[in-house]
>>> print(open('query23.cif').read())   # mmCIF, C-alpha atoms
data_my_file
loop_
_atom_site.label_atom_id
_atom_site.label_comp_id
_atom_site.auth_asym_id
_atom_site.auth_seq_id
_atom_site.Cartn_x
_atom_site.Cartn_y
_atom_site.Cartn_z
CA MET A 575 -62.51 -4.26 -26.56
CA GLN A 576 -64.65 -1.63 -28.26
CA ARG A 577 -63.21 0.06 -31.35
CA GLN A 578 -64.72 2.12 -34.12
CA LEU A 579 -64.76 2.79 -37.83
CA ILE A 580 -64.98 6.50 -38.67
CA LEU A 581 -65.89 7.55 -42.22
CA GLU A 582 -65.05 10.81 -43.97
CA ASP A 583 -68.73 11.83 -43.98
CA GLY A 584 -68.78 11.71 -40.17
CA THR A 585 -70.53 8.36 -39.81
CA VAL A 586 -69.27 6.25 -36.90
CA PHE A 587 -69.67 2.48 -36.51
CA ILE A 588 -68.82 1.08 -33.06
CA GLY A 589 -68.00 -2.60 -32.65
CA GLU A 590 -65.62 -5.10 -31.09
CA GLY A 591 -62.02 -5.00 -32.18
CA PHE A 592 -60.11 -8.14 -33.15
CA GLY A 593 -56.77 -8.75 -34.78
CA SER A 594 -54.26 -5.93 -34.35
CA GLU A 595 -54.96 -2.88 -32.19
CA ARG A 596 -53.20 -0.73 -34.76
CA GLU A 597 -55.03 2.31 -36.16
CA MET A 598 -55.29 2.23 -39.96
CA THR A 599 -56.70 4.50 -42.64
CA GLY A 600 -57.85 3.36 -46.07
CA GLU A 601 -60.54 3.33 -48.71
CA VAL A 602 -63.56 1.40 -47.37
CA VAL A 603 -64.95 -1.06 -49.93
CA PHE A 604 -67.15 -4.15 -49.77
CA ASN A 605 -66.90 -7.70 -51.12
CA THR A 606 -70.02 -9.84 -51.59
CA GLY A 607 -68.32 -13.25 -51.59
CA MET A 608 -69.81 -15.85 -49.26
CA THR A 609 -66.46 -17.66 -48.91
CA GLY A 610 -62.84 -16.94 -49.74
CA TYR A 611 -61.95 -14.50 -46.97
CA GLN A 612 -58.39 -15.87 -46.78
CA GLU A 613 -57.79 -15.18 -50.47
CA ILE A 614 -59.41 -11.76 -50.12
CA LEU A 615 -57.21 -10.81 -47.16
CA SER A 616 -54.08 -11.84 -49.05
CA ASP A 617 -55.00 -10.36 -52.46
CA PRO A 618 -52.47 -7.56 -53.19
CA SER A 619 -55.19 -5.68 -55.12
CA TYR A 620 -56.67 -4.67 -51.76
CA CYS A 621 -53.58 -2.64 -50.88
CA ALA A 622 -54.53 0.41 -48.75
CA GLN A 623 -58.19 -0.64 -48.56
CA ILE A 624 -60.39 -1.56 -45.60
CA VAL A 625 -62.56 -4.45 -46.75
CA THR A 626 -66.11 -5.01 -45.56
CA LEU A 627 -67.39 -8.55 -46.05
CA THR A 628 -71.15 -8.70 -46.56
CA TYR A 629 -71.56 -12.37 -45.60
CA PRO A 630 -72.65 -12.34 -41.93
CA MET A 631 -70.17 -14.81 -40.38
CA ILE A 632 -66.50 -14.82 -41.31
CA GLY A 633 -63.79 -17.18 -40.10
CA ASN A 634 -65.74 -20.41 -39.62
CA TYR A 635 -63.23 -22.52 -41.57
CA GLY A 636 -60.14 -20.76 -40.24
CA ILE A 637 -56.90 -19.95 -42.03
CA ASN A 638 -54.79 -22.64 -43.70
CA ARG A 639 -51.33 -22.74 -45.23
CA ASP A 640 -52.42 -23.34 -48.84
CA ASP A 641 -54.92 -20.65 -49.84
CA PHE A 642 -52.83 -17.49 -49.66
CA GLU A 643 -52.60 -15.23 -52.71
CA SER A 644 -49.52 -13.40 -51.43
CA ILE A 645 -46.94 -13.82 -48.68
CA GLU A 646 -47.59 -10.48 -46.98
CA PRO A 647 -51.14 -9.04 -47.03
CA ALA A 648 -51.49 -5.40 -48.06
CA VAL A 649 -55.07 -4.85 -46.87
CA HIS A 650 -55.50 -2.10 -44.25
CA GLY A 651 -58.39 -3.58 -42.30
CA LEU A 652 -61.27 -6.07 -42.15
CA ILE A 653 -64.88 -5.25 -41.22
CA VAL A 654 -67.36 -8.07 -40.49
CA LYS A 655 -70.72 -8.63 -38.86
CA GLU A 656 -69.54 -11.61 -36.82
CA VAL A 657 -66.10 -13.20 -36.55
CA CYS A 658 -65.86 -16.89 -35.68
CA GLU A 659 -63.49 -17.44 -32.76
CA VAL A 660 -63.44 -21.25 -32.94
CA PRO A 661 -63.08 -22.37 -36.59
CA SER A 662 -63.87 -25.95 -37.60
CA ASN A 663 -62.07 -27.39 -40.61
CA PHE A 664 -59.49 -30.14 -41.01
CA ARG A 665 -57.13 -27.73 -42.80
CA SER A 666 -57.47 -24.90 -40.28
CA GLU A 667 -54.27 -23.79 -38.55
CA LEU A 668 -55.20 -20.32 -37.30
CA SER A 669 -58.29 -18.30 -36.55
CA VAL A 670 -58.84 -15.07 -38.49
CA ASP A 671 -58.17 -13.17 -35.26
CA GLU A 672 -54.81 -14.91 -34.79
CA PHE A 673 -53.86 -14.34 -38.41
CA LEU A 674 -54.64 -10.62 -38.30
CA LYS A 675 -52.65 -10.28 -35.08
CA GLN A 676 -49.68 -11.96 -36.79
CA LYS A 677 -49.88 -9.60 -39.76
CA ASP A 678 -50.67 -6.47 -37.69
CA ILE A 679 -53.99 -5.85 -39.46
CA PRO A 680 -56.94 -4.39 -37.50
CA GLY A 681 -60.38 -5.97 -37.58
CA LEU A 682 -63.79 -4.76 -36.43
CA ALA A 683 -66.80 -7.00 -35.76
CA GLY A 684 -70.35 -6.49 -34.56
CA ILE A 685 -71.30 -3.53 -36.72
CA ASP A 686 -74.20 -3.29 -39.18
CA THR A 687 -72.34 -4.30 -42.34
CA ARG A 688 -75.57 -4.09 -44.35
CA LYS A 689 -75.92 -0.41 -43.44
CA LEU A 690 -72.27 0.23 -44.26
CA THR A 691 -72.57 -1.52 -47.62
CA ARG A 692 -75.71 0.42 -48.53
CA LYS A 693 -73.90 3.67 -47.68
CA ILE A 694 -71.00 2.75 -49.97
CA ARG A 695 -73.40 1.79 -52.76
CA GLN A 696 -75.18 5.13 -52.40
CA HIS A 697 -72.21 7.44 -51.96
CA GLY A 698 -69.34 5.41 -53.42
CA ALA A 699 -66.20 4.12 -51.73
CA LEU A 700 -65.35 6.28 -48.69
CA ARG A 701 -62.16 6.98 -46.80
CA GLY A 702 -62.25 5.54 -43.31
CA ARG A 703 -60.18 4.84 -40.22
CA VAL A 704 -60.27 1.91 -37.83
CA CYS A 705 -59.26 3.25 -34.42
CA GLY A 706 -59.83 3.17 -30.67
CA MET A 707 -62.54 4.94 -28.70
CA ASP A 708 -60.23 7.61 -27.30
CA VAL A 709 -59.84 9.64 -30.50
CA ASN A 710 -61.45 12.97 -31.34
CA VAL A 711 -63.98 12.05 -34.04
CA GLU A 712 -64.09 15.53 -35.56
CA GLU A 713 -60.32 15.61 -35.90
CA VAL A 714 -60.32 12.16 -37.54
CA VAL A 715 -63.04 13.25 -39.99
CA THR A 716 -61.06 16.35 -40.93
CA GLY A 717 -57.98 14.20 -41.47
CA LEU A 718 -59.91 11.78 -43.65
CA LYS A 719 -61.26 14.58 -45.83
CA ASN A 720 -57.69 15.73 -46.41
CA TYR A 721 -56.33 12.20 -46.86
CA SER A 722 -55.06 11.38 -50.35
CA LEU A 723 -55.25 7.80 -51.50
CA PRO A 724 -51.76 6.42 -52.18
CA THR A 725 -50.48 6.50 -55.75
CA ASP A 726 -47.64 4.01 -55.21
CA SER A 727 -49.64 0.91 -54.28
CA VAL A 728 -48.30 -1.11 -57.23
CA LYS A 729 -44.73 -0.31 -56.22
CA LYS A 730 -45.48 -1.48 -52.67
CA VAL A 731 -46.84 -4.89 -53.67
CA SER A 732 -44.73 -5.73 -56.74
CA THR A 733 -41.61 -7.85 -56.50
CA THR A 734 -38.39 -5.84 -56.45
CA ASN A 735 -36.34 -8.44 -58.33
CA ALA A 736 -37.08 -10.87 -61.14
CA TYR A 737 -37.29 -14.56 -60.23
CA PRO A 738 -38.06 -17.80 -62.09
CA SER A 739 -40.74 -20.45 -61.67
CA PRO A 740 -39.15 -23.10 -63.91
CA GLY A 741 -41.05 -25.28 -66.34
CA ARG A 742 -40.41 -27.08 -69.62
CA GLY A 743 -43.14 -25.51 -71.73
CA GLN A 744 -43.84 -22.05 -73.12
CA LYS A 745 -41.66 -19.27 -71.71
CA VAL A 746 -43.89 -16.59 -70.17
CA VAL A 747 -42.79 -13.29 -68.67
CA LEU A 748 -45.28 -12.46 -65.90
CA VAL A 749 -45.25 -8.76 -65.00
CA ASP A 750 -46.07 -8.41 -61.31
CA TYR A 751 -48.31 -5.41 -60.62
CA GLY A 752 -49.62 -7.11 -57.48
CA MET A 753 -49.84 -10.67 -58.76
CA LYS A 754 -52.09 -13.20 -57.12
CA HIS A 755 -50.41 -16.57 -56.69
CA GLY A 756 -53.35 -18.15 -58.52
CA ILE A 757 -52.13 -16.70 -61.82
CA LEU A 758 -48.70 -18.22 -61.37
CA ARG A 759 -50.31 -21.50 -60.34
CA GLU A 760 -52.37 -21.69 -63.55
CA LEU A 761 -49.33 -21.03 -65.73
CA THR A 762 -47.29 -23.58 -63.82
CA ALA A 763 -50.07 -26.16 -64.19
CA ARG A 764 -49.67 -25.75 -67.96
CA GLN A 765 -45.92 -26.44 -67.71
CA CYS A 766 -44.99 -22.83 -68.52
CA ASP A 767 -41.45 -21.66 -67.84
CA VAL A 768 -42.31 -18.45 -65.99
CA ILE A 769 -40.13 -15.48 -65.14
CA VAL A 770 -41.80 -13.01 -62.77
CA VAL A 771 -40.56 -9.43 -63.25
CA PRO A 772 -41.15 -6.12 -61.40
CA TYR A 773 -43.81 -3.58 -62.37
CA ASN A 774 -41.20 -1.15 -63.77
CA VAL A 775 -39.55 -3.60 -66.15
CA THR A 776 -38.74 -2.08 -69.55
CA ALA A 777 -39.75 -3.44 -72.95
CA GLU A 778 -36.08 -4.04 -73.76
CA GLU A 779 -35.59 -6.10 -70.60
CA VAL A 780 -38.69 -8.18 -71.38
CA LEU A 781 -37.71 -8.84 -75.00
CA ARG A 782 -34.17 -9.75 -73.93
CA LEU A 783 -35.69 -12.74 -72.12
CA ASN A 784 -37.01 -14.01 -75.48
CA PRO A 785 -40.46 -14.99 -74.15
CA ASP A 786 -43.19 -16.84 -76.01
CA GLY A 787 -45.80 -14.70 -74.25
CA ILE A 788 -46.35 -11.84 -71.81
CA MET A 789 -48.77 -11.95 -68.89
CA LEU A 790 -49.88 -8.68 -67.26
CA SER A 791 -51.09 -9.36 -63.73
CA ASN A 792 -53.75 -7.87 -61.50
CA GLY A 793 -52.88 -5.14 -59.03
CA PRO A 794 -54.17 -2.26 -56.89
CA GLY A 795 -55.08 1.34 -57.50
CA ASP A 796 -55.49 3.67 -60.45
CA PRO A 797 -53.86 2.37 -63.68
CA LYS A 798 -52.86 5.93 -64.56
CA ASP A 799 -50.49 5.85 -61.59
CA VAL A 800 -48.28 3.33 -63.45
CA PRO A 801 -46.98 5.15 -66.56
CA GLU A 802 -43.94 2.84 -66.67
CA ALA A 803 -46.24 -0.04 -67.53
CA ILE A 804 -47.89 1.81 -70.39
CA ASP A 805 -44.50 2.59 -71.93
CA MET A 806 -43.43 -1.05 -71.60
CA ILE A 807 -46.63 -2.39 -73.18
CA ASN A 808 -46.25 -0.04 -76.14
CA GLY A 809 -42.73 -1.36 -76.58
CA ILE A 810 -43.74 -5.04 -76.78
CA LEU A 811 -47.11 -4.77 -78.51
CA GLY A 812 -47.07 -6.70 -81.75
CA LYS A 813 -43.82 -8.48 -80.92
CA VAL A 814 -45.03 -11.07 -78.39
CA PRO A 815 -48.51 -12.53 -77.62
CA LEU A 816 -50.06 -10.89 -74.57
CA PHE A 817 -52.70 -11.73 -71.96
CA GLY A 818 -53.75 -9.26 -69.27
CA ILE A 819 -55.89 -9.62 -66.14
CA CYS A 820 -57.63 -6.88 -64.12
CA LEU A 821 -55.12 -4.02 -63.72
CA GLY A 822 -53.24 -5.59 -66.63
CA HIS A 823 -56.41 -5.20 -68.72
CA GLN A 824 -56.68 -1.51 -67.81
CA LEU A 825 -53.00 -0.80 -68.48
CA PHE A 826 -53.18 -2.55 -71.86
CA SER A 827 -56.24 -0.51 -72.82
CA LEU A 828 -54.51 2.74 -71.83
CA ALA A 829 -51.45 1.77 -73.86
CA CYS A 830 -53.69 1.24 -76.89
CA GLY A 831 -55.26 4.69 -76.62
CA ALA A 832 -58.38 3.99 -74.55
CA ASP A 833 -59.28 5.66 -71.27
CA THR A 834 -60.19 4.47 -67.77
CA GLU A 835 -62.34 5.94 -65.01
CA LYS A 836 -63.03 5.30 -61.33
CA MET A 837 -66.23 3.40 -60.60
CA LYS A 838 -68.66 4.45 -57.90
CA PHE A 839 -68.08 1.38 -55.72
CA GLY A 840 -66.43 -1.13 -58.04
CA HIS A 841 -66.88 -4.84 -58.53
CA ARG A 842 -65.74 -7.04 -55.66
CA GLY A 843 -67.17 -10.52 -55.23
CA SER A 844 -67.25 -14.01 -56.68
CA ASN A 845 -70.57 -14.21 -58.54
CA HIS A 846 -70.41 -11.46 -61.19
CA PRO A 847 -71.97 -12.61 -64.49
CA VAL A 848 -69.94 -11.79 -67.61
CA LYS A 849 -71.04 -12.39 -71.20
CA ASP A 850 -68.53 -13.49 -73.83
CA LEU A 851 -69.68 -11.64 -76.96
CA ARG A 852 -67.79 -14.09 -79.16
CA THR A 853 -69.79 -17.12 -78.00
CA ASN A 854 -72.80 -15.56 -76.21
CA LYS A 855 -71.93 -17.72 -73.21
CA VAL A 856 -72.15 -16.35 -69.66
CA ALA A 857 -69.60 -17.10 -66.95
CA LEU A 858 -69.81 -16.35 -63.24
CA THR A 859 -66.59 -14.61 -62.34
CA SER A 860 -64.46 -13.47 -59.44
CA GLN A 861 -63.80 -9.71 -59.50
CA ASN A 862 -61.92 -7.07 -57.56
CA HIS A 863 -61.53 -3.68 -59.20
CA GLY A 864 -62.48 -0.05 -58.64
CA TYR A 865 -61.63 1.27 -62.13
CA THR A 866 -63.01 0.39 -65.55
CA VAL A 867 -62.22 0.98 -69.22
CA ARG A 868 -64.59 3.53 -70.76
CA GLU A 869 -66.33 1.80 -73.67
CA ALA A 870 -66.73 5.04 -75.65
CA SER A 871 -62.96 5.56 -75.52
CA LEU A 872 -62.38 2.35 -77.52
CA GLU A 873 -63.95 3.76 -80.69
CA ASN A 874 -60.78 5.14 -82.27
CA THR A 875 -58.45 2.36 -81.12
CA ASP A 876 -57.49 -1.05 -82.49
CA LEU A 877 -59.34 -2.72 -79.62
CA GLU A 878 -62.74 -4.36 -79.70
CA VAL A 879 -64.90 -5.40 -76.77
CA THR A 880 -65.09 -9.16 -76.20
CA HIS A 881 -66.77 -9.35 -72.79
CA ILE A 882 -69.32 -7.25 -70.90
CA ALA A 883 -70.65 -7.29 -67.32
CA LEU A 884 -74.32 -8.23 -67.29
CA ASN A 885 -75.02 -6.32 -64.08
CA ASP A 886 -74.03 -2.88 -65.35
CA GLY A 887 -72.83 -3.25 -68.94
CA THR A 888 -69.22 -2.23 -68.25
CA VAL A 889 -66.32 -3.52 -70.35
CA GLU A 890 -64.96 -6.84 -69.07
CA GLY A 891 -62.65 -7.83 -71.90
CA VAL A 892 -60.97 -6.57 -75.07
CA LYS A 893 -58.77 -7.92 -77.84
CA HIS A 894 -56.44 -6.26 -80.30
CA THR A 895 -57.65 -6.42 -83.90
CA LYS A 896 -54.14 -6.53 -85.41
CA TYR A 897 -51.93 -8.28 -82.87
CA PRO A 898 -52.25 -11.47 -80.75
CA ALA A 899 -53.26 -9.77 -77.51
CA PHE A 900 -56.34 -9.95 -75.29
CA THR A 901 -57.26 -8.96 -71.75
CA VAL A 902 -60.09 -9.39 -69.24
CA GLN A 903 -61.19 -7.29 -66.29
CA TYR A 904 -62.11 -10.24 -64.06
CA HIS A 905 -60.06 -13.08 -62.54
CA PRO A 906 -60.09 -16.31 -64.60
CA GLU A 907 -57.80 -17.93 -62.01
CA ALA A 908 -60.62 -17.36 -59.45
CA SER A 909 -59.05 -17.70 -55.98
CA PRO A 910 -61.61 -17.23 -54.60
CA GLY A 911 -64.58 -17.76 -56.81
CA PRO A 912 -65.95 -19.94 -59.59
CA GLU A 913 -63.59 -21.32 -62.24
CA ASP A 914 -65.96 -20.81 -65.18
CA ALA A 915 -63.43 -18.65 -67.05
CA ASN A 916 -60.35 -20.78 -66.39
CA GLY A 917 -60.24 -21.72 -70.08
CA LEU A 918 -58.84 -18.28 -70.91
CA PHE A 919 -55.44 -19.58 -69.85
CA ASN A 920 -55.80 -22.28 -72.51
CA GLU A 921 -56.62 -19.56 -75.05
CA PHE A 922 -53.38 -17.87 -74.10
CA MET A 923 -51.50 -21.12 -74.60
CA GLU A 924 -53.02 -21.53 -78.07
CA LEU A 925 -52.19 -17.92 -78.92
CA MET A 926 -48.52 -18.57 -78.13
CA LYS A 927 -48.46 -21.86 -80.07
CA ASN A 928 -50.09 -20.32 -83.14
CA ASN A 929 -47.69 -17.40 -83.03
CA GLN A 930 -44.75 -19.81 -83.00
CA LYS A 931 -46.12 -21.58 -86.08
CA VAL A 932 -46.42 -18.28 -87.94
CA GLY A 933 -42.99 -17.26 -86.73
CA ASN A 934 -43.82 -13.72 -85.65
CA CYS A 935 -46.61 -11.44 -84.56
#
>>> encode(input="query23.cif", output="structure tokens")
Amino acid sequence: MQRQLILEDGTVFIGEGFGSEREMTGEVVFNTGMTGYQEILSDPSYCAQIVTLTYPMIGNYGINRDDFESIEPAVHGLIVKEVCEVPSNFRSELSVDEFLKQKDIPGLAGIDTRKLTRKIRQHGALRGRVCGMDVNVEEVVTGLKNYSLPTDSVKKVSTTNAYPSPGRGQKVVLVDYGMKHGILRELTARQCDVIVVPYNVTAEEVLRLNPDGIMLSNGPGDPKDVPEAIDMINGILGKVPLFGICLGHQLFSLACGADTEKMKFGHRGSNHPVKDLRTNKVALTSQNHGYTVREASLENTDLEVTHIALNDGTVEGVKHTKYPAFTVQYHPEASPGPEDANGLFNEFMELMKNNQKVGNC
């Protein structure tokens, strides 16, 4: 059945619908990963976004039970060049089409994804709507121009109640701003005793749990839409070792006096080169973010840059010069993507152990 993607600038892409027949509006972005569509679809950081995958065929290895990054996807749509209807993989349990139908997420195939990606690169991320052929295009365009991106995405994807993931090692409080399961998996693999808490947890509630360390997770949207997190971070800074990822990195930087800004089209893919300024080593990283920390805004803070993106020079990591706290903009847990930066979790473990030896921060 023919369906269409309408953009706020009036551009229309007509293709074949798959998945849900629901009409959905969102920010249209692109991801350059060649694999990992299941993890992308289930990454909470894509909340309220319509994701275009640049690799030409999607769905050839199906959907399996093990590679989800969340229980309920928050993505608003999937755009592909070609969707595979008959996947072939020993782990496959569903096709992408079947999965999107289950989760009520619309898909659109058969359009020129290269043209769409080039448009986003030229003009920046655009508001769009996946819909049927019976709509009035001019009315949809007017609606898109007046459409405001949601400011409560973190609230939508965060857990509402704290819960444990028991272990016998370091006690870590993991603040869920839209946490990928891969982060919890890496902490669990290191025997951490993890307590996952909601995005609006207070510093007092965190400290009452007597943790050895704090993990700030990834998540969707503008970090300035989560003032509760900035207050909490200020309340724990210097009291407990801290490690932040993606949105957690941005929130930590804001709490320390830096500033963030929206990028033209963001970083979304699994082959972004990042240089560690401490070692001069380069890692290929998995990334998914539309905001960045302004490097100039770090000048009068206690933060120093530790990592930079080699493609555009943007800030990819910072550390606090007085307290045991560091953050990165990319995803060291991968899922999907290369695991070059996985050792950052070990750095966090060492940070907690060294802090215990000293006795305080």
>>> closest_atom_pairs(input="query23.cif", of="region 822-932 of chain A", to="region 757-764 of chain A", cutoff="9 Å", atoms="only C-alpha atoms", output="CSV")
residue,atom,partner,partner_atom,distance
A:His905,CA,A:Ile757,CA,8.7
A:Pro906,CA,A:Ile757,CA,8.4
A:Glu907,CA,A:Ile757,CA,5.8
A:Ala908,CA,A:Ile757,CA,8.8
A:Asn916,CA,A:Glu760,CA,8.5
A:Phe919,CA,A:Glu760,CA,7.3
A:Asn920,CA,A:Arg764,CA,8.4
A:Met923,CA,A:Arg764,CA,8.3
>>> atom_distance(input="query23.cif", atom1="CA of Gly593 (chain A)", atom2="CA of Val731 (chain A)")
21.7 Å
>>> resolve_selection(input="query23.cif", expression="the PyMOL selection byres ((chain A and resi 834-840) around 8)", output="PyMOL selection string")
chain A and resi 603+694-695+697-699+796-797+824+828+832-833+841-842+862-868
>>> closest_residue(input="query23.cif", among="A:Gln744, A:Asn784, A:Thr880, A:Asn710", to="Lys813 (chain A)", atoms="only C-alpha atoms")
A:Asn784
>>> resolve_selection(input="query23.cif", expression="the PyMOL selection byres ((chain A and resi 738-743) around 6)", output="tab-separated table (two decimals) with C-alpha atoms, in the frame of the given file")
chain	number	residue	atom	x	y	z
A	737	TYR	CA	-37.29	-14.56	-60.23
A	744	GLN	CA	-43.84	-22.05	-73.12
A	765	GLN	CA	-45.92	-26.44	-67.71
A	766	CYS	CA	-44.99	-22.83	-68.52
A	767	ASP	CA	-41.45	-21.66	-67.84
A	768	VAL	CA	-42.31	-18.45	-65.99
A	769	ILE	CA	-40.13	-15.48	-65.14
>>> residues_around(input="query23.cif", residues="Ser732 (chain A)", least_positions_apart="4", cutoff="8 Å", atoms="all atoms listed in the file", output="PyMOL selection string")
chain A and resi 728+750-753+772-773
>>> resolve_selection(input="query23.cif", expression="the PyMOL selection byres ((chain A and resi 659-674) around 8)", output="ChimeraX atom specification")
/A:592-594,633-639,657-658,675-681
>>> atom_distance(input="query23.cif", atom1="CA of Leu816 (chain A)", atom2="CA of Val780 (chain A)")
12.1 Å
>>> atom_distance(input="query23.cif", atom1="CA of Ile614 (chain A)", atom2="CA of Arg577 (chain A)")
22.5 Å
>>> residues_near_point(input="query23.cif", point="(-74.1, -14.6, -57.8)", cutoff="10 Å", atoms="all atoms listed in the file", output="list in words")
Thr606, Gly607, Met608, Gly843, Ser844, Asn845, His846, Pro847, Leu858, Thr859, Ser860 and Pro912 of chain A
>>> closest_residue(input="query23.cif", among="A:Lys754, A:Val709, A:Lys689, A:Phe587", to="Ile645 (chain A)", atoms="all atoms listed in the file")
A:Lys754
>>> closest_residue(input="query23.cif", among="A:Ala899, A:Val749, A:Val602, A:Val848", to="His650 (chain A)", atoms="all atoms listed in the file")
A:Val602
>>> closest_residue(input="query23.cif", among="A:Gly756, A:Cys621, A:Ile807, A:Ala777", to="Asp726 (chain A)", atoms="all atoms listed in the file")
A:Cys621
>>> closest_residue(input="query23.cif", among="A:Cys820, A:Ala622, A:Leu877, A:Cys830", to="Asp805 (chain A)", atoms="all atoms listed in the file")
A:Cys830
>>> closest_residue(input="query23.cif", among="A:Ile819, A:Val649, A:Leu781, A:Leu718", to="Leu615 (chain A)", atoms="only C-alpha atoms")
A:Val649
>>> residues_around(input="query23.cif", residues="Asn774 (chain A)", least_positions_apart="2", cutoff="8 Å", atoms="only C-alpha atoms", output="list in words")
Pro772, Thr776, Glu802 and Ala803 of chain A
>>> build_atoms(input="query23.cif", residues="region 662-679 of chain A", atoms="N, CA and C atoms", output="short mmCIF file (atom, residue, chain, number, x, y, z; two decimals), in the coordinates of the input")
data_model
loop_
_atom_site.label_atom_id
_atom_site.label_comp_id
_atom_site.auth_asym_id
_atom_site.auth_seq_id
_atom_site.Cartn_x
_atom_site.Cartn_y
_atom_site.Cartn_z
N SER A 662 -63.77 -24.50 -37.52
CA SER A 662 -63.87 -25.95 -37.60
C SER A 662 -63.63 -26.40 -39.03
N ASN A 663 -62.42 -26.88 -39.29
CA ASN A 663 -62.07 -27.39 -40.61
C ASN A 663 -60.78 -28.18 -40.46
N PHE A 664 -60.67 -29.29 -41.18
CA PHE A 664 -59.49 -30.14 -41.01
C PHE A 664 -58.21 -29.47 -41.49
N ARG A 665 -58.32 -28.43 -42.32
CA ARG A 665 -57.13 -27.73 -42.80
C ARG A 665 -56.79 -26.52 -41.95
N SER A 666 -57.66 -26.14 -41.03
CA SER A 666 -57.47 -24.90 -40.28
C SER A 666 -56.24 -24.97 -39.37
N GLU A 667 -55.45 -23.89 -39.41
CA GLU A 667 -54.27 -23.79 -38.55
C GLU A 667 -54.31 -22.57 -37.64
N LEU A 668 -55.08 -21.56 -38.07
CA LEU A 668 -55.20 -20.32 -37.30
C LEU A 668 -56.63 -19.82 -37.40
N SER A 669 -57.04 -19.04 -36.41
CA SER A 669 -58.29 -18.30 -36.55
C SER A 669 -58.00 -17.00 -37.30
N VAL A 670 -59.03 -16.36 -37.82
CA VAL A 670 -58.84 -15.07 -38.49
C VAL A 670 -58.23 -14.05 -37.52
N ASP A 671 -58.70 -14.07 -36.28
CA ASP A 671 -58.17 -13.17 -35.26
C ASP A 671 -56.67 -13.36 -35.08
N GLU A 672 -56.23 -14.62 -34.97
CA GLU A 672 -54.81 -14.91 -34.79
C GLU A 672 -54.00 -14.48 -36.01
N PHE A 673 -54.56 -14.71 -37.18
CA PHE A 673 -53.86 -14.34 -38.41
C PHE A 673 -53.68 -12.82 -38.50
N LEU A 674 -54.75 -12.08 -38.23
CA LEU A 674 -54.64 -10.62 -38.30
C LEU A 674 -53.68 -10.07 -37.26
N LYS A 675 -53.64 -10.70 -36.09
CA LYS A 675 -52.65 -10.28 -35.08
C LYS A 675 -51.23 -10.50 -35.60
N GLN A 676 -51.00 -11.66 -36.23
CA GLN A 676 -49.68 -11.96 -36.79
C GLN A 676 -49.25 -10.92 -37.81
N LYS A 677 -50.19 -10.50 -38.65
CA LYS A 677 -49.88 -9.60 -39.76
C LYS A 677 -50.11 -8.13 -39.41
N ASP A 678 -50.48 -7.85 -38.16
CA ASP A 678 -50.67 -6.47 -37.69
C ASP A 678 -51.73 -5.73 -38.49
N ILE A 679 -52.86 -6.42 -38.71
CA ILE A 679 -53.99 -5.85 -39.46
C ILE A 679 -55.18 -5.73 -38.51
#
